[in-house]
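Structure record follows, encoded as structure tokens.
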Amino acid sequence: MKEFNSYQEYAQILIKDIIALENTFPKHEQLPPILFTYWCEEINNQVEQYWKEYLIGKRENYTFDENEFREVFDKAGTRYTSEIVDELVEEGYVQMGISGSGEIVYSATEKGKQALSKSKFKYL
């Protein structure tokens with residue numbers, strides 16, 4: 001494995017490789033640009049954290065294993081999804097509530113149901 005001089009250098013190599021792979025897919029199969037941006041931000045943040053932990057001896061290395069890399073993508077996906085849901089609530093398409101067991105739940109408003117009935121996603 002190549003040794004890196006900084007966490008930024010390692011993060012840039014990871015992101016560069018992801019971009020190269022992403023560019024092999026047709027446009028309609030590529031990640032949404034905002035999700036991709038969030039993923040890159042999460043990679044940078046996590047690499048910085050791992051680098052610091054490596055320098056003080058809390059980690060044996062600063063690189064991601066497969067599960068850690070998946071977790072970073074999932075974190076970006078959660079952020080992306082949360083923003084979409086927040087926007088749907090703000091626009092009045094979805095309302096938030098609390099279930100009997102205390103969990104947050106979401107449901108379509110009348111405006112959301114009307115929009116959904118006109119969309120190609122009628123199966124939702």
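By order in the structure tokens, chains are A, B, ...; within a chain, residues start at 1; ligands start at 1, following the order shown.
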
Handout entry: Secondary structure check, helix (DSSP H, G or I) residues of chain A, as a PyMOL selection string
Key = chain A and resi 7-22+27-29+33-55+66-90+110-117

Handout entry: Non-local contacts of stretch 58-63 of chain A (9 Å; only C-alpha atoms; under 4 positions in same chain excluded) as number ranges by chain
Key = A: 7, 10, 47-54

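You will find atom CA of A:Leu116 at 24.5 Å from atom CA of A:Gln30.
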
Go through stretch 7-32 of chain A residue by residue and, counting only C-alpha atoms, keep those with an atom at most 12 Å from stretch 67-80 of chain A; for each kept residue give the shortest atom pair and its distance in Å to one decimal, ordered by chain and increasing number, as a tab-separated table.
residue	atom	partner	partner_atom	distance
A:Ala11	CA	A:Phe69	CA	11.8
A:Leu14	CA	A:Phe69	CA	10.3
A:Ile15	CA	A:Phe69	CA	11.8
A:Ile18	CA	A:Phe73	CA	11.6
A:Leu31	CA	A:Gly77	CA	10.4
A:Pro32	CA	A:Tyr80	CA	9.7

Same residues, C-alpha atoms, saved as a PDB file, in the first residue's frame:
ATOM      1  CA  ALA A  11      -8.834  11.341   0.766  1.00  0.00           C
ATOM      2  CA  LEU A  14     -10.038   7.780  -2.735  1.00  0.00           C
ATOM      3  CA  ILE A  15     -12.286  10.449  -4.244  1.00  0.00           C
ATOM      4  CA  ILE A  18     -14.543   6.960  -7.002  1.00  0.00           C
ATOM      5  CA  LEU A  31     -25.243   9.132  -8.074  1.00  0.00           C
ATOM      6  CA  PRO A  32     -27.148  12.384  -7.713  1.00  0.00           C
TER       7      PRO A  32
END

Which residues, written as a short mmCIF file (atom, residue, chain, number, x, y, z; two decimals) with C-alpha atoms, in the first residue's frame, have at least one atom at most 8 Å from A:Ala115, with only C-alpha atoms counted and residues fewer than 4 positions away on the same chain left out?
data_model
loop_
_atom_site.label_atom_id
_atom_site.label_comp_id
_atom_site.auth_asym_id
_atom_site.auth_seq_id
_atom_site.Cartn_x
_atom_site.Cartn_y
_atom_site.Cartn_z
CA TYR A 93 -46.22 17.31 0.74
CA LYS A 111 -51.21 18.03 -1.34
CA SER A 119 -46.59 11.35 -10.91
#

Backbone DSSP call of strand (DSSP E or B) for stretch 35-121 of chain A, listed as an mmCIF file with C-alpha atoms, in the first residue's frame:
data_model
loop_
_atom_site.group_PDB
_atom_site.id
_atom_site.type_symbol
_atom_site.label_atom_id
_atom_site.label_comp_id
_atom_site.auth_asym_id
_atom_site.auth_seq_id
_atom_site.Cartn_x
_atom_site.Cartn_y
_atom_site.Cartn_z
ATOM 1 C CA VAL A 94 -45.460 15.274 3.850
ATOM 2 C CA GLN A 95 -46.343 15.681 7.499
ATOM 3 C CA MET A 96 -44.457 14.391 10.488
ATOM 4 C CA GLY A 97 -46.079 12.750 13.492
ATOM 5 C CA ILE A 98 -45.350 10.508 16.454
ATOM 6 C CA ILE A 104 -41.284 9.608 14.323
ATOM 7 C CA VAL A 105 -43.489 8.744 11.351
ATOM 8 C CA TYR A 106 -44.242 10.515 8.089
ATOM 9 C CA SER A 107 -47.349 10.524 5.931
ATOM 10 C CA ALA A 108 -48.441 12.224 2.751
#

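Each of A:Ile19, A:Lys27, A:Leu35, A:Ile13 was checked against A:Glu83 using only C-alpha atoms; the smallest atom-to-atom distance is that of A:Leu35.
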